[in-house]
Amino acid sequence: MGKSTVAAGLAHLAAQRGKRVLVVEVDAKGDLTDLFEHARVGFEPVEVARGISVMTIDTEASLREYLKLNLRVPMVGRIGPIASMFDFVANAAPGVKEILTIGKIGWEVRESIEGRAPWDLVIVDAAASGHVVAQLGAPEAIGGLVRMGSVSDQTGWLQALLADPEITALNVVVTPEEMPVAETIELIARVRDELEVPLGVVFVNRVLPELLHRADEVLFGALAEEPAGAVLRDRAGPGASSVIAAGRLAVALRRSRAAHLTRLHEAIDLPKLYLPELFVRSAGIRVTRLIAEAIGDELGI
Amino acid sequence: MFCGSGGVGKTTIAAATALGAATHLGGRVLVLTVDPAKRLADALGLRGGLGNVERRVSPEILAAAGIEVRGELWAAMLDTKQSWDALVLRHSPDEATAYRILENPLYRNITARFVQSHDYIAMERLHELHSAGRYDLIVVDTPPTRNAIDFLDAPQRMAEFFGGRLLRWLTVPYRIGGRRGARLVNLASRPFYQVADRILGSQFLEDIAEFFVNFQTMYDGFVERAHAVERLLRDRRTTFAVVSTLESAPLQEAEFFLAALAERDLPIGALVLNKTLSTALVEPAGEEAARRFIDDGRAIAEALAHTGEPALAEVARTERLLATLAESYRNFSVVAKREAELRSELAGAPDLVLTVPQTDADVHDLRGLAAIADALFLGTAR
């Protein structure tokens, strides 16, 4: 859907406006740093562009940090390899992986609010829609299961942080295609139903330009048939039919996407930002800039 | 087994494969999907949707869409919660234990909320359907996983989980003391329990213990089952197909998955490249025509007006549209070149790479599925 691209574009836009931004990659595929043409990064935030730092969530590193910071457990080094401890915690207690992810992000936000971390904005390139509800719901679920212990203490403030519309917004990126639109409608319904997390905006990515004005439709129809076909092949060579075929595909795609956009409109009342389909050779800083510009245009800044 | 990242059309390709098998090969074919959207059911003409129970796509509906099947086409959708409950009921020693497990909040959370549980139950359901012996071919549309490895390793992990030493350690004080009995007495002084207790709290540890003390009654059956599921994944009759689009992120995931399959010695049947643009978009003749559409636009528009076709009478309008079409061609050409590039760089691809073209419309009915099935089975799209 271009989740990473939108996250990177947003980070670029904010950094341009003087904000210090942390981008958190949750589903580490490494394509986020590609968008800044920077080498992959790990759990420690690395400044990949002026004002933009990126980190990748690693639940084991997150647990290690958590134990060190919150529990001051002196024997951590002595209970054997932390990996086996981690395996246990992550597998036996459902949701621990999820809460370690969301907890680390929440911690960065809280530290920033209290002036101990430098971020003005934390952007999370979150997990796919199927997972994100489980992740964001983890504090509440764990809070319901674990009523004592430090995990329980942690869930309260996390839930409050996630529910605060001044601090948190869940934004959805969608492309105007059948499945993504259906999933988005379902996701937003689930978020409203199951979570306390405030919804932000919907980024509608990869919107195709309108190729034909209504008045041109008959003309295009004529170009795609004989006798026009013969004239075009004669004047422009055998590739003329490929150009016409590409036009037909562009028109059809635009049309089917328009129908999905209509569905999205009717089903979702959140503000929407429209970003164009970019016909580019590869992802990189150029794409990030173009997306940042498109977001800026949509926001009127 | 069809795998791939989200948004690549995995469900559609899986359904088209099942339809193609029923049409071209015959036999009883089942497609097991995990896609909760009603799309597949609608596409297959199954009103009322799909659930855990398999439903047959009626030959009349297939015939009405102009599809003549030699075999039978069946479809089912994985219901995670229902499948877990069925598993518990099957392996519990008695109903009382089964209901104690089903009512346990921890169990409900594992099965309903947390993603990892889907991976395993999909494999488990496959095993169940396979063992029943009702189908010649079962096509599985796998759940979208965060990490491909997760789902390949799910049976193994599930067995390790229930047989885990750490788990037994952790529940020891409760198993010895009984649920309301002695708390962490002797063992509590040990670092392991101290850490576990401080992280999770003793109440939660007790809940876990209670759950697992109950769960252990079905341990043997469960672990044996997990091993059987794993054997089925490794069985020579099982084949994996990886689905991707020619976009960098899904392809990266596809390559990662292919590598993971190879590493585990699991059979890779095919790589399906879905929604690809036509190779005509990268041919020089197309670019040449696009250039002429712009450079000789005026002359071409005039020649078109000379045909006497009323729609082509306005020269200026035709000239403008020719330029627009050329621009659009160039835009798509850039994307097609990117696709060709990504395709040539593809690592670890199996011998069989199938290409399914980007169609003008969404696939949402049997005709659409049949077109893809023909592309896959008759090789019209290779």
# chains A, B, ... in the order shown; residues from 1 in each chain; ligands from 1
$ select_by_dssp --residues "range 163-245 of chain A" --states "helix (DSSP H, G or I)" --output "number ranges by chain"
A: 163, 178-194, 214-223, 228-236, 240-245
$ write_last_selection --atoms "N, CA and C atoms" --output "compact mmCIF listing (two decimals), in the first residue's frame"
# COMPACT_ATOMS: atom_id res chain seq x y z
N ALA A 163 -4.60 6.31 24.06
CA ALA A 163 -5.97 6.80 23.94
C ALA A 163 -6.04 8.32 23.84
N GLU A 178 -9.60 -3.00 -4.80
CA GLU A 178 -10.70 -3.68 -4.12
C GLU A 178 -10.35 -4.19 -2.72
N MET A 179 -9.33 -5.05 -2.66
CA MET A 179 -8.96 -5.67 -1.38
C MET A 179 -8.52 -4.64 -0.34
N PRO A 180 -7.58 -3.77 -0.68
CA PRO A 180 -7.14 -2.79 0.31
C PRO A 180 -8.30 -1.93 0.84
N VAL A 181 -9.23 -1.57 -0.03
CA VAL A 181 -10.35 -0.75 0.43
C VAL A 181 -11.23 -1.56 1.39
N ALA A 182 -11.50 -2.81 1.03
CA ALA A 182 -12.31 -3.66 1.91
C ALA A 182 -11.62 -3.84 3.26
N GLU A 183 -10.30 -4.07 3.22
CA GLU A 183 -9.55 -4.26 4.46
C GLU A 183 -9.54 -3.00 5.32
N THR A 184 -9.44 -1.85 4.66
CA THR A 184 -9.41 -0.59 5.39
C THR A 184 -10.74 -0.33 6.08
N ILE A 185 -11.82 -0.58 5.36
CA ILE A 185 -13.14 -0.38 5.96
C ILE A 185 -13.29 -1.28 7.19
N GLU A 186 -12.83 -2.52 7.03
CA GLU A 186 -12.91 -3.49 8.13
C GLU A 186 -12.00 -3.07 9.29
N LEU A 187 -10.80 -2.61 8.95
CA LEU A 187 -9.84 -2.20 9.98
C LEU A 187 -10.39 -1.05 10.81
N ILE A 188 -10.94 -0.06 10.14
CA ILE A 188 -11.43 1.12 10.85
C ILE A 188 -12.62 0.75 11.75
N ALA A 189 -13.46 -0.14 11.25
CA ALA A 189 -14.57 -0.61 12.09
C ALA A 189 -14.03 -1.33 13.33
N ARG A 190 -13.01 -2.15 13.14
CA ARG A 190 -12.44 -2.89 14.28
C ARG A 190 -11.77 -1.96 15.27
N VAL A 191 -11.05 -0.97 14.75
CA VAL A 191 -10.37 -0.03 15.65
C VAL A 191 -11.41 0.70 16.50
N ARG A 192 -12.49 1.13 15.87
CA ARG A 192 -13.53 1.85 16.61
C ARG A 192 -14.20 0.93 17.63
N ASP A 193 -14.30 -0.32 17.25
CA ASP A 193 -15.01 -1.29 18.07
C ASP A 193 -14.16 -1.79 19.23
N GLU A 194 -12.90 -2.09 18.96
CA GLU A 194 -12.09 -2.82 19.93
C GLU A 194 -11.04 -1.98 20.65
N ARG A 214 -14.43 13.43 -20.25
CA ARG A 214 -15.60 12.73 -20.75
C ARG A 214 -15.77 12.92 -22.26
N ALA A 215 -15.49 14.15 -22.71
CA ALA A 215 -15.68 14.47 -24.13
C ALA A 215 -14.71 13.70 -25.03
N ASP A 216 -13.61 13.23 -24.45
CA ASP A 216 -12.60 12.52 -25.26
C ASP A 216 -12.89 11.03 -25.41
N GLU A 217 -13.89 10.55 -24.69
CA GLU A 217 -14.11 9.10 -24.67
C GLU A 217 -14.45 8.54 -26.05
N VAL A 218 -15.30 9.26 -26.76
CA VAL A 218 -15.70 8.80 -28.09
C VAL A 218 -14.49 8.82 -29.02
N LEU A 219 -13.70 9.89 -28.90
CA LEU A 219 -12.50 10.03 -29.71
C LEU A 219 -11.54 8.87 -29.45
N PHE A 220 -11.34 8.56 -28.16
CA PHE A 220 -10.43 7.46 -27.83
C PHE A 220 -10.95 6.15 -28.40
N GLY A 221 -12.27 5.96 -28.28
CA GLY A 221 -12.89 4.77 -28.83
C GLY A 221 -12.60 4.63 -30.32
N ALA A 222 -12.66 5.75 -31.05
CA ALA A 222 -12.41 5.73 -32.49
C ALA A 222 -10.95 5.43 -32.79
N LEU A 223 -10.04 6.00 -31.97
CA LEU A 223 -8.61 5.75 -32.17
C LEU A 223 -8.26 4.28 -32.01
N ALA A 228 -8.82 4.14 -37.92
CA ALA A 228 -7.77 4.93 -37.27
C ALA A 228 -6.52 4.09 -37.02
N GLY A 229 -6.73 2.81 -36.65
CA GLY A 229 -5.60 1.94 -36.33
C GLY A 229 -4.59 1.87 -37.47
N ALA A 230 -5.10 1.75 -38.69
CA ALA A 230 -4.23 1.64 -39.86
C ALA A 230 -3.42 2.92 -40.06
N VAL A 231 -4.09 4.05 -39.87
CA VAL A 231 -3.41 5.35 -40.01
C VAL A 231 -2.29 5.47 -38.98
N LEU A 232 -2.59 5.10 -37.74
CA LEU A 232 -1.61 5.22 -36.66
C LEU A 232 -0.40 4.31 -36.91
N ARG A 233 -0.67 3.08 -37.36
CA ARG A 233 0.44 2.15 -37.62
C ARG A 233 1.30 2.67 -38.78
N ASP A 234 0.60 3.24 -39.76
CA ASP A 234 1.31 3.77 -40.92
C ASP A 234 2.20 4.95 -40.53
N ARG A 235 1.67 5.83 -39.70
CA ARG A 235 2.40 7.07 -39.36
C ARG A 235 3.38 6.91 -38.20
N ALA A 236 3.06 6.02 -37.26
CA ALA A 236 3.87 5.94 -36.03
C ALA A 236 4.54 4.57 -35.86
N ALA A 240 2.36 1.52 -32.43
CA ALA A 240 1.18 2.36 -32.16
C ALA A 240 0.11 1.60 -31.38
N SER A 241 -0.06 0.32 -31.73
CA SER A 241 -1.12 -0.44 -31.03
C SER A 241 -0.76 -0.66 -29.55
N SER A 242 0.55 -0.74 -29.23
CA SER A 242 0.96 -0.87 -27.83
C SER A 242 0.60 0.40 -27.06
N VAL A 243 0.78 1.55 -27.73
CA VAL A 243 0.46 2.82 -27.06
C VAL A 243 -1.04 2.90 -26.79
N ILE A 244 -1.82 2.48 -27.77
CA ILE A 244 -3.28 2.48 -27.59
C ILE A 244 -3.69 1.49 -26.50
N ALA A 245 -3.06 0.31 -26.51
CA ALA A 245 -3.39 -0.71 -25.49
C ALA A 245 -3.06 -0.20 -24.09
$ residues_around --residues "Val280 in chain A" --least-positions-apart "6" --cutoff "10 Å" --atoms "only C-alpha atoms" --output "PyMOL selection string"
(chain A and resi 286-287) or (chain B and resi 331-335+337-338)
$ residues_around --residues "Ser53 in chain A" --least-positions-apart "2" --cutoff "10 Å" --atoms "only C-alpha atoms" --output "PDB file with N, CA and C atoms, in the first residue's frame"
ATOM      1  N   ALA A  11       7.807  11.978   7.407  1.00  0.00           N
ATOM      2  CA  ALA A  11       8.995  12.296   8.194  1.00  0.00           C
ATOM      3  C   ALA A  11       9.792  13.403   7.493  1.00  0.00           C
ATOM      4  N   ARG A  20      12.226  17.274  14.882  1.00  0.00           N
ATOM      5  CA  ARG A  20      13.091  16.099  15.009  1.00  0.00           C
ATOM      6  C   ARG A  20      12.202  14.861  15.049  1.00  0.00           C
ATOM      7  N   VAL A  21      12.425  14.000  14.103  1.00  0.00           N
ATOM      8  CA  VAL A  21      11.498  12.896  13.876  1.00  0.00           C
ATOM      9  C   VAL A  21      12.171  11.546  14.133  1.00  0.00           C
ATOM     10  N   LEU A  22      11.449  10.676  14.810  1.00  0.00           N
ATOM     11  CA  LEU A  22      11.889   9.286  14.928  1.00  0.00           C
ATOM     12  C   LEU A  22      10.911   8.432  14.129  1.00  0.00           C
ATOM     13  N   VAL A  23      11.443   7.655  13.197  1.00  0.00           N
ATOM     14  CA  VAL A  23      10.591   6.726  12.461  1.00  0.00           C
ATOM     15  C   VAL A  23      10.890   5.324  12.986  1.00  0.00           C
ATOM     16  N   VAL A  24       9.853   4.640  13.415  1.00  0.00           N
ATOM     17  CA  VAL A  24      10.022   3.309  13.970  1.00  0.00           C
ATOM     18  C   VAL A  24       9.513   2.282  12.969  1.00  0.00           C
ATOM     19  N   THR A  33      14.708   2.413   5.303  1.00  0.00           N
ATOM     20  CA  THR A  33      15.954   3.169   5.156  1.00  0.00           C
ATOM     21  C   THR A  33      16.325   3.314   3.679  1.00  0.00           C
ATOM     22  N   VAL A  41      19.229  -0.091   9.556  1.00  0.00           N
ATOM     23  CA  VAL A  41      19.560   0.256  10.937  1.00  0.00           C
ATOM     24  C   VAL A  41      18.955  -0.779  11.886  1.00  0.00           C
ATOM     25  N   GLU A  44      19.002   0.604  17.788  1.00  0.00           N
ATOM     26  CA  GLU A  44      19.432   1.946  18.181  1.00  0.00           C
ATOM     27  C   GLU A  44      19.067   2.940  17.083  1.00  0.00           C
ATOM     28  N   PRO A  45      18.382   4.050  17.426  1.00  0.00           N
ATOM     29  CA  PRO A  45      18.040   5.036  16.398  1.00  0.00           C
ATOM     30  C   PRO A  45      19.292   5.592  15.711  1.00  0.00           C
ATOM     31  N   VAL A  46      19.236   5.700  14.397  1.00  0.00           N
ATOM     32  CA  VAL A  46      20.340   6.247  13.604  1.00  0.00           C
ATOM     33  C   VAL A  46      19.781   7.384  12.770  1.00  0.00           C
ATOM     34  N   GLU A  47      20.499   8.507  12.741  1.00  0.00           N
ATOM     35  CA  GLU A  47      20.040   9.632  11.919  1.00  0.00           C
ATOM     36  C   GLU A  47      20.345   9.319  10.456  1.00  0.00           C
ATOM     37  N   VAL A  48      19.301   9.135   9.667  1.00  0.00           N
ATOM     38  CA  VAL A  48      19.479   8.726   8.266  1.00  0.00           C
ATOM     39  C   VAL A  48      19.416   9.915   7.321  1.00  0.00           C
ATOM     40  N   ALA A  49      18.845  11.002   7.793  1.00  0.00           N
ATOM     41  CA  ALA A  49      18.780  12.242   7.021  1.00  0.00           C
ATOM     42  C   ALA A  49      18.647  13.344   8.058  1.00  0.00           C
ATOM     43  N   ARG A  50      18.866  14.577   7.644  1.00  0.00           N
ATOM     44  CA  ARG A  50      18.834  15.690   8.597  1.00  0.00           C
ATOM     45  C   ARG A  50      17.504  15.701   9.360  1.00  0.00           C
ATOM     46  N   GLY A  51      17.588  15.529  10.660  1.00  0.00           N
ATOM     47  CA  GLY A  51      16.398  15.592  11.500  1.00  0.00           C
ATOM     48  C   GLY A  51      15.560  14.317  11.541  1.00  0.00           C
ATOM     49  N   MET A  55      14.691   3.687  13.636  1.00  0.00           N
ATOM     50  CA  MET A  55      15.056   2.499  14.412  1.00  0.00           C
ATOM     51  C   MET A  55      14.141   1.349  14.005  1.00  0.00           C
ATOM     52  N   TRP A 119      12.629  13.658  20.504  1.00  0.00           N
ATOM     53  CA  TRP A 119      11.706  13.617  19.364  1.00  0.00           C
ATOM     54  C   TRP A 119      10.531  14.576  19.488  1.00  0.00           C
ATOM     55  N   VAL A 122       6.982  11.068  16.583  1.00  0.00           N
ATOM     56  CA  VAL A 122       7.350   9.657  16.415  1.00  0.00           C
ATOM     57  C   VAL A 122       6.379   9.051  15.412  1.00  0.00           C
TER      58      VAL A 122
END
$ closest_residue --among "B:Pro93, B:Gly6, B:Pro155, B:Gly71" --to "chain A" --atoms "only C-alpha atoms"
B:Gly6
$ closest_residue --among "B:Lys10, B:Arg56, B:Arg264, B:Arg28" --to "chain A" --atoms "only C-alpha atoms"
B:Lys10
$ select_by_dssp --residues "range 60-289 of chain A" --states "strand (DSSP E)" --output "number ranges by chain"
A: 121-125, 170-174, 199-207, 272-276
$ write_last_selection --atoms "N, CA and C atoms" --output "PDB file, in the first residue's frame"
ATOM      1  N   LEU A 121       8.280  14.274  16.972  1.00  0.00           N
ATOM      2  CA  LEU A 121       7.264  13.451  16.312  1.00  0.00           C
ATOM      3  C   LEU A 121       7.797  12.021  16.192  1.00  0.00           C
ATOM      4  N   VAL A 122       6.982  11.068  16.583  1.00  0.00           N
ATOM      5  CA  VAL A 122       7.350   9.657  16.415  1.00  0.00           C
ATOM      6  C   VAL A 122       6.379   9.051  15.412  1.00  0.00           C
ATOM      7  N   ILE A 123       6.927   8.595  14.281  1.00  0.00           N
ATOM      8  CA  ILE A 123       6.098   7.997  13.239  1.00  0.00           C
ATOM      9  C   ILE A 123       6.365   6.497  13.237  1.00  0.00           C
ATOM     10  N   VAL A 124       5.305   5.712  13.329  1.00  0.00           N
ATOM     11  CA  VAL A 124       5.477   4.266  13.359  1.00  0.00           C
ATOM     12  C   VAL A 124       5.019   3.660  12.036  1.00  0.00           C
ATOM     13  N   ASP A 125       5.933   2.990  11.367  1.00  0.00           N
ATOM     14  CA  ASP A 125       5.567   2.231  10.175  1.00  0.00           C
ATOM     15  C   ASP A 125       5.106   0.878  10.715  1.00  0.00           C
ATOM     16  N   LEU A 170      -3.970   7.035  14.842  1.00  0.00           N
ATOM     17  CA  LEU A 170      -3.764   5.886  13.973  1.00  0.00           C
ATOM     18  C   LEU A 170      -4.181   6.297  12.563  1.00  0.00           C
ATOM     19  N   ASN A 171      -3.206   6.328  11.666  1.00  0.00           N
ATOM     20  CA  ASN A 171      -3.487   6.726  10.279  1.00  0.00           C
ATOM     21  C   ASN A 171      -3.432   5.497   9.396  1.00  0.00           C
ATOM     22  N   VAL A 172      -4.282   5.494   8.395  1.00  0.00           N
ATOM     23  CA  VAL A 172      -4.362   4.313   7.541  1.00  0.00           C
ATOM     24  C   VAL A 172      -3.919   4.677   6.127  1.00  0.00           C
ATOM     25  N   VAL A 173      -3.096   3.828   5.535  1.00  0.00           N
ATOM     26  CA  VAL A 173      -2.707   4.024   4.144  1.00  0.00           C
ATOM     27  C   VAL A 173      -3.442   2.989   3.301  1.00  0.00           C
ATOM     28  N   VAL A 174      -4.046   3.452   2.231  1.00  0.00           N
ATOM     29  CA  VAL A 174      -4.815   2.534   1.391  1.00  0.00           C
ATOM     30  C   VAL A 174      -4.558   2.872  -0.069  1.00  0.00           C
ATOM     31  N   LEU A 199      -8.435   7.755  15.772  1.00  0.00           N
ATOM     32  CA  LEU A 199      -8.089   7.639  14.357  1.00  0.00           C
ATOM     33  C   LEU A 199      -7.700   9.004  13.807  1.00  0.00           C
ATOM     34  N   GLY A 200      -6.725   9.009  12.897  1.00  0.00           N
ATOM     35  CA  GLY A 200      -6.266  10.262  12.302  1.00  0.00           C
ATOM     36  C   GLY A 200      -6.833  10.450  10.914  1.00  0.00           C
ATOM     37  N   VAL A 201      -6.004  10.243   9.912  1.00  0.00           N
ATOM     38  CA  VAL A 201      -6.448  10.442   8.532  1.00  0.00           C
ATOM     39  C   VAL A 201      -6.238   9.162   7.722  1.00  0.00           C
ATOM     40  N   VAL A 202      -6.869   9.156   6.552  1.00  0.00           N
ATOM     41  CA  VAL A 202      -6.638   8.059   5.609  1.00  0.00           C
ATOM     42  C   VAL A 202      -5.814   8.618   4.449  1.00  0.00           C
ATOM     43  N   PHE A 203      -4.656   8.025   4.218  1.00  0.00           N
ATOM     44  CA  PHE A 203      -3.846   8.399   3.061  1.00  0.00           C
ATOM     45  C   PHE A 203      -4.263   7.500   1.898  1.00  0.00           C
ATOM     46  N   VAL A 204      -4.805   8.104   0.863  1.00  0.00           N
ATOM     47  CA  VAL A 204      -5.180   7.313  -0.308  1.00  0.00           C
ATOM     48  C   VAL A 204      -4.022   7.433  -1.290  1.00  0.00           C
ATOM     49  N   ASN A 205      -3.272   6.363  -1.404  1.00  0.00           N
ATOM     50  CA  ASN A 205      -2.024   6.389  -2.165  1.00  0.00           C
ATOM     51  C   ASN A 205      -2.248   5.830  -3.565  1.00  0.00           C
ATOM     52  N   ARG A 206      -1.365   6.181  -4.466  1.00  0.00           N
ATOM     53  CA  ARG A 206      -1.357   5.638  -5.821  1.00  0.00           C
ATOM     54  C   ARG A 206      -2.642   5.934  -6.601  1.00  0.00           C
ATOM     55  N   VAL A 207      -3.111   7.164  -6.460  1.00  0.00           N
ATOM     56  CA  VAL A 207      -4.283   7.581  -7.229  1.00  0.00           C
ATOM     57  C   VAL A 207      -3.821   7.887  -8.654  1.00  0.00           C
ATOM     58  N   LYS A 272      -9.338  12.586   4.326  1.00  0.00           N
ATOM     59  CA  LYS A 272      -8.527  11.796   3.395  1.00  0.00           C
ATOM     60  C   LYS A 272      -7.531  12.679   2.663  1.00  0.00           C
ATOM     61  N   LEU A 273      -6.323  12.166   2.519  1.00  0.00           N
ATOM     62  CA  LEU A 273      -5.294  12.860   1.747  1.00  0.00           C
ATOM     63  C   LEU A 273      -4.987  12.007   0.524  1.00  0.00           C
ATOM     64  N   TYR A 274      -5.012  12.631  -0.652  1.00  0.00           N
ATOM     65  CA  TYR A 274      -4.813  11.865  -1.885  1.00  0.00           C
ATOM     66  C   TYR A 274      -3.398  12.044  -2.412  1.00  0.00           C
ATOM     67  N   LEU A 275      -2.731  10.938  -2.652  1.00  0.00           N
ATOM     68  CA  LEU A 275      -1.360  10.982  -3.151  1.00  0.00           C
ATOM     69  C   LEU A 275      -1.320  10.276  -4.501  1.00  0.00           C
ATOM     70  N   PRO A 276      -0.587  10.855  -5.453  1.00  0.00           N
ATOM     71  CA  PRO A 276      -0.637  10.312  -6.819  1.00  0.00           C
ATOM     72  C   PRO A 276       0.182   9.043  -6.997  1.00  0.00           C
TER      73      PRO A 276
END
$ residues_around --residues "range 221-236 of chain B" --least-positions-apart "6" --cutoff "12 Å" --atoms "only C-alpha atoms" --output "PyMOL selection string"
chain B and resi 1+84+87-93+119-131+140+151-164+215+261-262+264-269
$ residues_around --residues "Lys104 in chain A" --least-positions-apart "2" --cutoff "9 Å" --atoms "only C-alpha atoms" --output "list in words"
Ile57, Thr59, Ser62, Leu63, Glu65, Tyr66, Ile99, Leu100, Thr101, Ile102, Gly106, Trp107, Glu108 and Val109 of chain A
$ write_last_selection --atoms "N, CA and C atoms" --output "mmCIF file, in the first residue's frame"
data_model
loop_
_atom_site.group_PDB
_atom_site.id
_atom_site.type_symbol
_atom_site.label_atom_id
_atom_site.label_comp_id
_atom_site.auth_asym_id
_atom_site.auth_seq_id
_atom_site.Cartn_x
_atom_site.Cartn_y
_atom_site.Cartn_z
ATOM 1 N N ILE A 57 12.266 -2.124 15.345
ATOM 2 C CA ILE A 57 11.868 -2.832 16.570
ATOM 3 C C ILE A 57 12.431 -4.252 16.568
ATOM 4 N N THR A 59 12.126 -7.266 19.281
ATOM 5 C CA THR A 59 11.452 -7.509 20.565
ATOM 6 C C THR A 59 12.402 -8.035 21.623
ATOM 7 N N SER A 62 14.293 -5.197 22.922
ATOM 8 C CA SER A 62 13.330 -4.413 23.668
ATOM 9 C C SER A 62 13.144 -4.975 25.080
ATOM 10 N N LEU A 63 13.077 -6.297 25.179
ATOM 11 C CA LEU A 63 12.930 -6.947 26.482
ATOM 12 C C LEU A 63 14.174 -6.693 27.348
ATOM 13 N N GLU A 65 16.230 -4.228 27.193
ATOM 14 C CA GLU A 65 16.238 -2.846 27.646
ATOM 15 C C GLU A 65 15.223 -2.650 28.771
ATOM 16 N N TYR A 66 14.080 -3.280 28.593
ATOM 17 C CA TYR A 66 13.009 -3.170 29.576
ATOM 18 C C TYR A 66 13.453 -3.700 30.928
ATOM 19 N N ILE A 99 3.327 -6.373 23.249
ATOM 20 C CA ILE A 99 3.456 -5.277 24.208
ATOM 21 C C ILE A 99 4.887 -4.762 24.273
ATOM 22 N N LEU A 100 5.847 -5.622 23.975
ATOM 23 C CA LEU A 100 7.231 -5.145 23.942
ATOM 24 C C LEU A 100 7.408 -4.156 22.797
ATOM 25 N N THR A 101 6.713 -4.408 21.701
ATOM 26 C CA THR A 101 6.771 -3.502 20.557
ATOM 27 C C THR A 101 6.121 -2.175 20.901
ATOM 28 N N ILE A 102 4.897 -2.256 21.334
ATOM 29 C CA ILE A 102 4.129 -1.039 21.588
ATOM 30 C C ILE A 102 4.704 -0.305 22.808
ATOM 31 N N GLY A 106 5.897 3.512 22.978
ATOM 32 C CA GLY A 106 5.289 4.370 23.989
ATOM 33 C C GLY A 106 6.333 5.001 24.893
ATOM 34 N N TRP A 107 7.350 4.227 25.178
ATOM 35 C CA TRP A 107 8.410 4.719 26.048
ATOM 36 C C TRP A 107 9.152 5.885 25.391
ATOM 37 N N GLU A 108 9.454 5.750 24.107
ATOM 38 C CA GLU A 108 10.127 6.835 23.383
ATOM 39 C C GLU A 108 9.265 8.099 23.399
ATOM 40 N N VAL A 109 7.948 7.907 23.224
ATOM 41 C CA VAL A 109 7.038 9.054 23.217
ATOM 42 C C VAL A 109 7.013 9.714 24.590
#
$ residues_around --residues "Glu72 in chain B" --least-positions-apart "2" --cutoff "7 Å" --atoms "only C-alpha atoms" --output "ChimeraX atom specification"
/B:22,27-29,69,74
$ atom_distance --atom1 "CA of Ile372 in chain B" --atom2 "CA of Leu46 in chain B"
19.4 Å
